Amino acid sequence: MGKTRARSSKKKKRLPKKKKCFFCTESMVAIDYKDEGIIRKFTTERGKISPRRNTGICPKHQRMFAQAVKRARHLALAPFVREYFR
Amino acid sequence: MRFYELMVIVDADLEIPEGQDAPSLAKAIESIESEGGSIVSKLDSSPWGLRRLAYEINHKSEGFYVVLEIATEANSLDTADHTLRLADRSEIIRHKIMRLPDDEAIRRGLLAENASADK
């Protein structure tokens with residue numbers, strides 16, 4: 001017990017590396033709701049929109065992306081809920 | 001002139017002769033053209049055309065997708081939207097009209113670099 005505590009106090013808290021916004025680096029003007037790869041990349045396996053803290057997307061592009069996902073869902077290109085098959 | 005994108009999911013069980021549109025879609029296209037608009041492009045082959053839906057709609061798991069790029073004056077798509085809406089749940093499963101932002105229209109080569117769409 002005492003050992004582990006000593007080790008943890010020595011350990012420095014490591015800050016996660018700040019991610020660059022994917023859409024900014026690609027210099028995209030609009031996010032296409034028809035692009036299945038992009039929609040899949042930034043949604044969870046359940047089909048939810050991934051939070052910004054996980055993906056590192058900037059606020060502007062997150063808003064655009066959310067809009068694109070909602071469009072794709074309405075046109076049955078993306079699921080509202082992706083069920084797990086067991 | 002403004003640019004729009006229209007995506008339509010036509011009922012795949014509908015008996016439509018080869019190379020023809022569903023009656024309501026043909027009617028919508030006709031109304032766009034009669035109001036001075038033009039169809040820039042029409043895609044109904046791979047990746048569009050017959051596709052699996054991400055989830056069942058009205059107990060159907062497949063639909064025939066058509067994607068249109070339209071150049072028209074502002075607010076002249078109302079009648080087309082209306083005809084498509086009336087056909088919803090019968091001929092047409094879903095439809096959506098979206099305005100293409102100017103920079104996206106430029107990227108697609110629909111609009112000249114220095115022109116503004118609202119002129």
# chains A, B, ... in the order shown; residues from 1 in each chain; ligands from 1
call {"tool": "select_by_dssp", "arguments": {"residues": "chain A", "states": "alpha helix (DSSP H)", "output": "PyMOL selection string"}}
result
chain A and resi 2-10+22-25+36-41+52-55+59-74
call {"tool": "interface_residues", "arguments": {"of": "chain B", "to": "chain A", "cutoff": "10 Å", "atoms": "only C-alpha atoms", "output": "list in words"}}
result
Met7, Val8, Ile9, Pro47, Arg51, Arg52, Leu53, Ala54, Tyr55, Glu56, Ile57, Ser61, Glu62, Gly63, Tyr65, Ile93, Arg94, His95, Lys96, Met98, Leu100, Pro101, Asp102, Asp103, Glu104, Ala105 and Arg107 of chain B
call {"tool": "residues_around", "arguments": {"residues": "Ala80 in chain B", "least_positions_apart": "4", "cutoff": "8 Å", "atoms": "only C-alpha atoms", "output": "JSON, numbers by chain"}}
result
{"B": [27, 28, 29, 31, 32, 84]}
call {"tool": "closest_residue", "arguments": {"among": "B:Ile92, B:Ile97, B:Ala112, B:Ile106", "to": "Asn75 in chain B", "atoms": "only C-alpha atoms"}}
result
B:Ile97
